[in-house]
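Asks: Structure file run.txt, compact mmCIF, C-alpha atoms and all ligand atoms, is pasted below:
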# COMPACT_ATOMS: atom_id res chain seq x y z
CA MET A 1 5.16 -18.04 14.98
CA VAL A 2 2.52 -20.59 15.76
CA GLU A 3 1.65 -23.08 13.09
CA THR A 4 -0.11 -21.40 10.15
CA ASP A 5 -3.10 -23.73 9.83
CA ALA A 6 -3.78 -23.54 13.54
CA PHE A 7 -3.53 -19.76 13.35
CA ILE A 8 -6.09 -19.66 10.51
CA ASP A 9 -8.56 -21.96 12.31
CA GLU A 10 -8.31 -19.94 15.48
CA ALA A 11 -8.58 -16.63 13.69
CA VAL A 12 -11.67 -17.71 11.71
CA ALA A 13 -13.36 -19.10 14.81
CA GLY A 14 -12.50 -15.96 16.77
CA ILE A 15 -13.92 -13.66 14.10
CA ARG A 16 -17.10 -15.72 13.82
CA GLU A 17 -17.61 -15.58 17.53
CA GLU A 18 -17.00 -11.86 17.70
CA ILE A 19 -19.16 -10.82 14.74
CA GLY A 20 -21.91 -13.39 15.13
CA ASP A 21 -24.91 -12.44 12.99
CA ALA A 22 -23.90 -8.82 12.66
CA GLU A 23 -22.67 -6.89 9.61
CA ALA A 24 -19.02 -6.01 9.16
CA VAL A 25 -16.87 -3.94 6.82
CA ILE A 26 -13.21 -4.01 5.91
CA ALA A 27 -11.12 -1.64 3.86
CA LEU A 28 -9.40 -3.78 1.27
CA SER A 29 -6.28 -2.11 -0.12
CA GLY A 30 -4.92 -4.82 -2.38
CA GLY A 31 -1.93 -5.26 -0.06
CA VAL A 32 -1.14 -8.46 1.76
CA ASP A 33 -2.33 -7.40 5.22
CA SER A 34 -5.86 -6.36 4.38
CA SER A 35 -6.19 -9.19 1.84
CA VAL A 36 -5.40 -11.75 4.51
CA ALA A 37 -7.64 -10.08 7.10
CA ALA A 38 -10.51 -9.86 4.59
CA THR A 39 -10.13 -13.47 3.48
CA LEU A 40 -10.11 -14.72 7.07
CA ALA A 41 -13.17 -12.61 7.88
CA TYR A 42 -14.98 -13.65 4.70
CA GLU A 43 -14.33 -17.26 5.54
CA ALA A 44 -15.79 -16.59 8.98
CA VAL A 45 -18.95 -14.63 8.10
CA GLY A 46 -19.35 -14.66 4.30
CA ASP A 47 -21.40 -11.84 2.78
CA GLN A 48 -22.09 -10.36 6.19
CA LEU A 49 -18.70 -8.81 5.46
CA THR A 50 -18.58 -5.97 2.94
CA PRO A 51 -15.02 -5.47 1.73
CA VAL A 52 -14.54 -1.91 0.47
CA TYR A 53 -11.81 -1.06 -2.01
CA VAL A 54 -11.33 2.67 -2.49
CA ASP A 55 -9.51 3.63 -5.67
CA THR A 56 -7.82 6.85 -4.55
CA GLY A 57 -6.07 7.45 -7.86
CA LEU A 58 -2.85 6.70 -5.95
CA MET A 59 -2.78 2.98 -6.53
CA ARG A 60 -0.19 0.85 -8.30
CA LYS A 61 -0.54 0.19 -12.01
CA GLY A 62 -3.23 -2.42 -12.64
CA GLU A 63 -4.02 -2.70 -8.94
CA THR A 64 -7.74 -2.04 -9.13
CA ASP A 65 -8.28 -4.66 -11.83
CA GLN A 66 -6.15 -7.09 -9.90
CA VAL A 67 -8.23 -6.63 -6.77
CA ARG A 68 -11.49 -7.07 -8.68
CA GLU A 69 -10.17 -10.30 -10.14
CA THR A 70 -8.59 -11.75 -7.01
CA PHE A 71 -11.62 -11.10 -4.85
CA SER A 72 -14.29 -11.82 -7.43
CA PHE A 73 -15.44 -14.66 -5.16
CA MET A 74 -16.62 -12.07 -2.64
CA GLU A 75 -20.03 -11.06 -3.92
CA SER A 76 -20.24 -8.24 -1.41
CA LEU A 77 -17.04 -6.49 -2.65
CA ARG A 78 -17.47 -2.74 -3.31
CA VAL A 79 -15.07 -0.88 -5.57
CA VAL A 80 -15.34 2.91 -5.13
CA ASP A 81 -13.80 5.20 -7.77
CA ALA A 82 -12.77 8.22 -5.72
CA ALA A 83 -9.69 9.48 -7.61
CA ASP A 84 -11.10 12.92 -8.49
CA ARG A 85 -12.20 13.57 -4.93
CA PHE A 86 -8.74 12.64 -3.61
CA PHE A 87 -6.86 14.88 -6.04
CA ASP A 88 -9.20 17.73 -5.05
CA ARG A 89 -8.35 17.19 -1.40
CA LEU A 90 -4.63 17.04 -2.13
CA ALA A 91 -4.48 20.18 -4.26
CA GLY A 92 -2.01 22.63 -2.71
CA VAL A 93 -1.08 20.31 0.18
CA THR A 94 2.70 19.92 0.49
CA ASP A 95 3.46 18.92 4.07
CA PRO A 96 3.92 15.13 4.37
CA GLU A 97 1.80 14.76 7.47
CA ALA A 98 -0.89 17.05 6.05
CA LYS A 99 -0.95 14.86 2.94
CA ARG A 100 -1.35 11.75 5.04
CA HIS A 101 -4.17 13.39 6.95
CA ALA A 102 -5.93 14.57 3.80
CA ILE A 103 -5.80 11.04 2.46
CA GLY A 104 -6.82 9.53 5.77
CA GLU A 105 -9.83 11.84 5.96
CA GLY A 106 -10.81 11.21 2.36
CA PHE A 107 -10.55 7.56 2.99
CA ILE A 108 -12.70 7.73 6.10
CA ASP A 109 -15.32 9.67 4.15
CA GLU A 110 -15.53 7.11 1.39
CA PHE A 111 -15.45 4.19 3.75
CA GLU A 112 -17.94 5.69 6.14
CA THR A 113 -20.43 6.16 3.32
CA VAL A 114 -20.41 2.44 2.60
CA ALA A 115 -20.31 1.45 6.29
CA ARG A 116 -23.48 3.47 6.91
CA GLU A 117 -25.14 2.10 3.82
CA VAL A 118 -24.69 -1.51 4.92
CA ASP A 119 -25.33 -0.60 8.54
CA ALA A 120 -22.08 -2.19 9.70
CA ASP A 121 -21.60 -3.05 13.36
CA TYR A 122 -18.03 -4.28 13.14
CA LEU A 123 -14.88 -3.00 11.58
CA VAL A 124 -12.30 -5.55 10.48
CA GLN A 125 -8.77 -4.18 9.99
CA GLY A 126 -5.55 -5.57 8.56
CA THR A 127 -3.35 -3.86 11.14
CA ILE A 128 -0.10 -5.76 11.73
CA TYR A 129 2.36 -5.61 14.61
CA PRO A 130 4.86 -3.09 13.13
CA ASP A 131 1.98 -0.68 12.31
CA ARG A 132 1.03 -0.66 15.95
CA ILE A 133 4.47 -0.06 17.38
CA GLU A 134 5.40 2.60 14.84
CA SER A 135 2.13 4.37 15.58
CA GLU A 136 2.65 4.15 19.31
CA GLY A 137 6.17 5.49 18.88
CA ASN A 138 4.60 8.18 16.71
CA ILE A 139 7.25 7.79 14.00
CA LYS A 140 4.63 8.42 11.35
CA SER A 141 0.87 8.52 11.33
CA HIS A 142 -0.34 5.41 9.58
CA HIS A 143 -3.74 6.01 8.17
CA ASN A 144 -4.72 2.39 8.65
CA VAL A 145 -4.34 2.75 12.41
CA GLY A 146 -6.72 4.98 14.29
CA GLY A 147 -9.15 7.38 12.69
CA LEU A 148 -11.91 5.11 11.50
CA PRO A 149 -13.13 3.85 14.87
CA GLU A 150 -13.62 7.39 16.14
CA VAL A 151 -15.78 8.41 13.23
CA VAL A 152 -18.09 5.48 12.73
CA ASP A 153 -19.75 4.14 15.80
CA PHE A 154 -18.81 0.48 15.55
CA ASP A 155 -19.66 -2.09 18.21
CA GLY A 156 -16.22 -3.57 17.86
CA ILE A 157 -12.99 -3.69 15.94
CA VAL A 158 -11.58 -6.97 14.76
CA GLU A 159 -7.87 -7.17 13.92
CA PRO A 160 -7.08 -10.77 13.05
CA VAL A 161 -3.40 -10.20 12.08
CA ARG A 162 -2.51 -7.63 14.73
CA ASP A 163 0.25 -9.75 16.29
CA LEU A 164 1.94 -10.83 13.07
CA TYR A 165 5.00 -9.50 11.31
CA LYS A 166 4.91 -9.02 7.57
CA ASP A 167 6.66 -12.27 6.71
CA GLU A 168 4.19 -14.14 8.90
CA VAL A 169 1.25 -12.50 7.14
CA ARG A 170 2.73 -13.66 3.84
CA GLU A 171 2.93 -17.21 5.16
CA VAL A 172 -0.74 -17.06 6.10
CA ALA A 173 -1.57 -15.63 2.65
CA ARG A 174 0.12 -18.59 1.01
CA ALA A 175 -1.72 -21.01 3.26
CA LEU A 176 -5.01 -19.32 2.34
CA ASP A 177 -4.21 -19.92 -1.33
CA LEU A 178 -4.36 -16.24 -2.08
CA GLU A 179 -2.82 -15.91 -5.51
CA ALA A 180 0.95 -15.75 -5.54
CA VAL A 181 0.81 -12.18 -6.72
CA ILE A 182 -0.82 -11.18 -3.44
CA ALA A 183 1.18 -13.51 -1.20
CA GLU A 184 4.53 -12.43 -2.59
CA ARG A 185 3.50 -8.88 -3.16
CA MET A 186 5.63 -6.05 -1.91
CA PRO A 187 4.04 -4.04 0.84
CA PHE A 188 2.39 -0.90 -0.47
CA PRO A 189 1.85 2.05 1.88
CA GLY A 190 -1.70 3.03 2.79
CA PRO A 191 -1.37 6.57 1.36
CA GLY A 192 -0.23 4.96 -1.88
CA LEU A 193 1.75 6.93 -4.43
CA ALA A 194 1.32 10.09 -2.32
CA VAL A 195 4.37 9.07 -0.23
CA ARG A 196 6.26 8.56 -3.49
CA VAL A 197 5.62 12.09 -4.64
CA VAL A 198 7.53 14.75 -2.74
CA GLY A 199 5.46 17.92 -2.30
CA GLU A 200 2.04 18.49 -3.83
CA VAL A 201 0.39 15.42 -5.33
CA THR A 202 -1.07 16.10 -8.76
CA PRO A 203 -2.56 13.64 -11.23
CA GLU A 204 0.51 14.19 -13.45
CA LYS A 205 3.07 13.43 -10.72
CA ALA A 206 1.06 10.43 -9.56
CA ALA A 207 1.01 9.11 -13.13
CA VAL A 208 4.81 9.52 -13.45
CA ALA A 209 5.32 7.71 -10.14
CA ARG A 210 2.90 4.94 -11.11
CA GLU A 211 4.62 4.16 -14.43
CA ALA A 212 8.11 4.44 -12.91
CA CYS A 213 7.16 2.16 -10.00
CA HIS A 214 5.91 -0.37 -12.50
CA VAL A 215 9.22 -0.30 -14.40
CA VAL A 216 11.23 -0.67 -11.18
CA GLU A 217 9.13 -3.57 -9.86
CA ASP A 218 9.43 -5.27 -13.21
CA GLU A 219 13.19 -4.79 -13.66
CA LEU A 220 14.18 -5.63 -10.09
CA GLU A 221 12.07 -8.73 -9.57
CA ALA A 222 15.17 -10.94 -9.83
CA TYR A 223 16.74 -9.12 -6.87
CA GLU A 224 13.81 -10.18 -4.69
CA PRO A 225 13.69 -6.85 -2.91
CA TRP A 226 11.55 -6.46 0.15
CA GLN A 227 10.39 -3.27 -1.47
CA ALA A 228 11.37 -1.56 -4.73
CA PHE A 229 9.81 1.55 -6.15
CA ALA A 230 10.33 4.94 -7.73
CA ALA A 231 9.48 8.36 -6.34
CA VAL A 232 9.03 11.74 -7.99
CA ILE A 233 11.25 13.98 -5.90
CA GLY A 234 11.43 17.29 -7.75
CA LYS A 235 12.38 18.94 -10.98
CA ALA A 236 15.73 19.50 -12.67
CA THR A 237 17.11 20.54 -16.00
CA GLY A 238 17.49 18.03 -18.77
CA VAL A 239 17.89 18.09 -22.51
CA LYS A 240 15.48 16.63 -25.06
CA GLY A 241 16.57 16.96 -28.66
CA ASP A 242 18.00 20.47 -28.99
CA ASN A 243 16.06 21.89 -26.07
CA ARG A 244 16.76 22.29 -22.41
CA VAL A 245 13.74 21.15 -20.44
CA HIS A 246 12.72 21.35 -16.81
CA GLY A 247 11.63 17.79 -16.11
CA TRP A 248 10.84 15.45 -13.26
CA VAL A 249 13.53 13.86 -11.12
CA VAL A 250 12.72 10.25 -10.32
CA ALA A 251 14.50 8.42 -7.50
CA VAL A 252 14.69 4.63 -7.60
CA ARG A 253 14.84 2.71 -4.34
CA SER A 254 15.22 -1.00 -3.67
CA VAL A 255 15.66 -2.38 -0.17
CA GLU A 256 16.05 -5.60 1.73
CA SER A 257 14.24 -5.90 5.02
CA ARG A 258 12.55 -8.35 7.31
CA ASP A 259 9.74 -6.21 8.55
CA GLY A 260 10.27 -2.65 7.36
CA MET A 261 11.65 -1.45 10.69
CA THR A 262 15.19 -1.34 9.33
CA ALA A 263 16.28 -1.82 5.74
CA ARG A 264 19.36 -2.03 3.54
CA ALA A 265 19.63 -0.42 0.14
CA GLN A 266 20.36 -3.12 -2.42
CA GLU A 267 23.41 -3.21 -4.64
CA ILE A 268 22.07 -3.21 -8.19
CA ASP A 269 24.02 -4.00 -11.31
CA TRP A 270 24.85 -1.01 -13.51
CA ASN A 271 23.23 -2.39 -16.67
CA THR A 272 19.99 -2.97 -14.81
CA LEU A 273 20.07 0.56 -13.46
CA GLN A 274 20.70 1.90 -16.94
CA ARG A 275 17.79 -0.12 -18.34
CA ILE A 276 15.52 1.29 -15.63
CA GLN A 277 16.74 4.79 -16.46
CA SER A 278 16.14 4.38 -20.16
CA ARG A 279 12.68 2.85 -19.72
CA ILE A 280 11.55 5.56 -17.30
CA THR A 281 12.86 8.46 -19.37
CA GLY A 282 11.77 6.78 -22.60
CA GLU A 283 8.21 6.23 -21.46
CA ASN A 284 7.79 9.75 -20.18
CA GLU A 285 9.46 12.64 -21.97
CA ASN A 286 8.86 14.88 -18.97
CA VAL A 287 11.30 12.90 -16.83
CA ALA A 288 14.73 14.56 -16.97
CA ARG A 289 16.72 12.44 -14.54
CA VAL A 290 16.73 9.10 -12.73
CA LEU A 291 18.71 8.61 -9.48
CA TYR A 292 19.43 5.51 -7.39
CA ASP A 293 19.03 5.85 -3.62
CA VAL A 294 21.89 4.16 -1.68
CA THR A 295 20.68 5.10 1.82
CA HIS A 296 19.84 2.44 4.38
CA LYS A 297 17.07 2.75 7.00
CA PRO A 298 18.12 4.31 9.31
CA PRO A 299 18.97 7.09 8.64
CA ALA A 300 16.44 7.27 5.76
CA THR A 301 12.94 5.89 5.90
CA ILE A 302 11.93 3.47 3.16
CA GLU A 303 9.36 5.79 1.59
CA TYR A 304 10.04 9.44 0.76
CA GLU A 305 7.36 11.04 2.90
P1 LIG B 1 8.99 3.88 6.21
O1 LIG B 1 8.86 4.78 5.03
O2 LIG B 1 8.41 4.46 7.46
O3 LIG B 1 8.13 2.62 5.85
O4 LIG B 1 10.39 3.38 6.42
C1 LIG B 1 8.13 1.38 6.51
C2 LIG B 1 7.12 0.50 5.80
O5 LIG B 1 5.82 1.01 6.02
C3 LIG B 1 5.22 1.41 4.79
N1 LIG B 1 4.56 2.69 5.05
C4 LIG B 1 3.26 2.82 5.28
N2 LIG B 1 2.28 1.91 5.30
N3 LIG B 1 0.72 3.60 5.82
C5 LIG B 1 1.02 2.31 5.56
O6 LIG B 1 0.11 1.48 5.56
C6 LIG B 1 1.65 4.57 5.83
O7 LIG B 1 1.36 5.73 6.07
C7 LIG B 1 2.99 4.16 5.53
N4 LIG B 1 4.17 4.81 5.46
C8 LIG B 1 5.11 3.88 5.16
C9 LIG B 1 6.37 1.54 3.80
O8 LIG B 1 5.95 1.29 2.48
C10 LIG B 1 7.31 0.49 4.30
O9 LIG B 1 6.95 -0.77 3.83
Please express the file's structure as structure tokens.
Ligand code: XMP
Replies:
Amino acid sequence: MVETDAFIDEAVAGIREEIGDAEAVIALSGGVDSSVAATLAYEAVGDQLTPVYVDTGLMRKGETDQVRETFSFMESLRVVDAADRFFDRLAGVTDPEAKRHAIGEGFIDEFETVAREVDADYLVQGTIYPDRIESEGNIKSHHNVGGLPEVVDFDGIVEPVRDLYKDEVREVARALDLEAVIAERMPFPGPGLAVRVVGEVTPEKAAVAREACHVVEDELEAYEPWQAFAAVIGKATGVKGDNRVHGWVVAVRSVESRDGMTARAQEIDWNTLQRIQSRITGENENVARVLYDVTHKPPATIEYE
């Protein structure tokens, strides 16, 4: 790609020109893409930008605190606690696309409330190149593409990283001195833990997925995966003490990839897998089984839904 510093200068100047004296909003997810877009936009227009972080209850462990800390320099940052409202929306919803839509709509609702409050004219988005082509190809509906512009009547949409691949966004993040944890961070899907829970999303399943994801990220750091996580994929019989139990089945996945379009399942050492298994089942007595996913993309997708 073009030189990073030149990209940043051009992006900041472009945003400033586009937004001018107007008010803007951006949905900050805690992922690399929106963090970079928000930082570029904040550098361009300062507190005219209101970054909105919606805690859907489907975030990674510690993510909300991390976002508060990382972006504490943005005085205009809004953190919205919407977990209860999201679980209400998701109750009884089992179809993957319906789940995505329920989350997308919930998100729009929360975001729209703030956008109206600050009377925002512009929407800044962290859309990257693969999001656009996957959406155009209709492989999956990405809630961070489309939706928002139709609901709120913005004067314009600003997408400073729309032509970049993930690894390029990371380079920009490093150049912007975003903390290493953000720059090196694994991509996290917009619908959050909902795509790591097969079937209905409940607070309990989300909590199992959250803790298990944390264990997997922690244990597999040395493998430098492009993405590593755990998903709650169903229930199966297990045995705890003298009793047979019907507990959660957790699948562990760790992949190498350049941009998420294709991916290879990583070969993980047996002892590491066993440690992951024992931590996940040890931390939650309702988990009966831990599996390792050996499927590449294609034929599987990276996430479960
Ligand atoms: P899949 O599961 O399609 O994922 O192989 C490819 C990459 O995209 C992420 N992903 C999403 N990101 N909204 C997002 O912002 C989504 O709906 C979504 N679905 C998948 C996934 O984590 C992987 O990095």
Asks: Please identify all protein, DNA and RNA residues within 10 Å of ligand LIG 1 (chain B), counting only C-alpha atoms and all ligand atoms, and report them as a PyMOL selection string.
Replies: chain A and resi 29+31+33-34+96-97+99-101+103-104+126-128+130-131+134-135+139-145+166+186-196+226-229+255+257+259-263+296-305
Asks: Could you please give me, as an MDAnalysis selection string, the residues of protein, DNA or RNA lying at most 12 Å from (4.5, -12.7, 10.1) in the coordinate frame of the file, considering all atoms listed in the file?
Replies: chainID A and resid 1:4 7 32:33 36 127:130 161:174 183 258:260
Asks: Using Å and a single decimal, report how far atom CA of Thr56 of chain A sits from atom CA of Ser278 of chain A.
Replies: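 Interatomic distance here is 28.7 Å.
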Asks: Which residues, written as an NGL selection string, have at least one atom at most 12 Å from Asp88 of chain A, with only C-alpha atoms counted and residues fewer than 2 positions away on the same chain left out?
Replies: :A and (56-57 or 82-86 or 90-93 or 99 or 102-103 or 106 or 200-203)
Asks: Generate a file of the selected residues that holds C-alpha atoms, formatted as a PDB file, keeping the file's coordinate frame.
Replies:
ATOM      1  CA  THR A  56      -7.820   6.850  -4.550  1.00  0.00           C
ATOM      2  CA  GLY A  57      -6.070   7.450  -7.860  1.00  0.00           C
ATOM      3  CA  ALA A  82     -12.770   8.220  -5.720  1.00  0.00           C
ATOM      4  CA  ALA A  83      -9.690   9.480  -7.610  1.00  0.00           C
ATOM      5  CA  ASP A  84     -11.100  12.920  -8.490  1.00  0.00           C
ATOM      6  CA  ARG A  85     -12.200  13.570  -4.930  1.00  0.00           C
ATOM      7  CA  PHE A  86      -8.740  12.640  -3.610  1.00  0.00           C
ATOM      8  CA  LEU A  90      -4.630  17.040  -2.130  1.00  0.00           C
ATOM      9  CA  ALA A  91      -4.480  20.180  -4.260  1.00  0.00           C
ATOM     10  CA  GLY A  92      -2.010  22.630  -2.710  1.00  0.00           C
ATOM     11  CA  VAL A  93      -1.080  20.310   0.180  1.00  0.00           C
ATOM     12  CA  LYS A  99      -0.950  14.860   2.940  1.00  0.00           C
ATOM     13  CA  ALA A 102      -5.930  14.570   3.800  1.00  0.00           C
ATOM     14  CA  ILE A 103      -5.800  11.040   2.460  1.00  0.00           C
ATOM     15  CA  GLY A 106     -10.810  11.210   2.360  1.00  0.00           C
ATOM     16  CA  GLU A 200       2.040  18.490  -3.830  1.00  0.00           C
ATOM     17  CA  VAL A 201       0.390  15.420  -5.330  1.00  0.00           C
ATOM     18  CA  THR A 202      -1.070  16.100  -8.760  1.00  0.00           C
ATOM     19  CA  PRO A 203      -2.560  13.640 -11.230  1.00  0.00           C
TER      20      PRO A 203
END
Asks: Could you work out how far atom CA of Val114 of chain A lies from atom CA of Leu49 of chain A, giving the answer in Å with one decimal?
Replies: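 Interatomic distance here is 11.7 Å.
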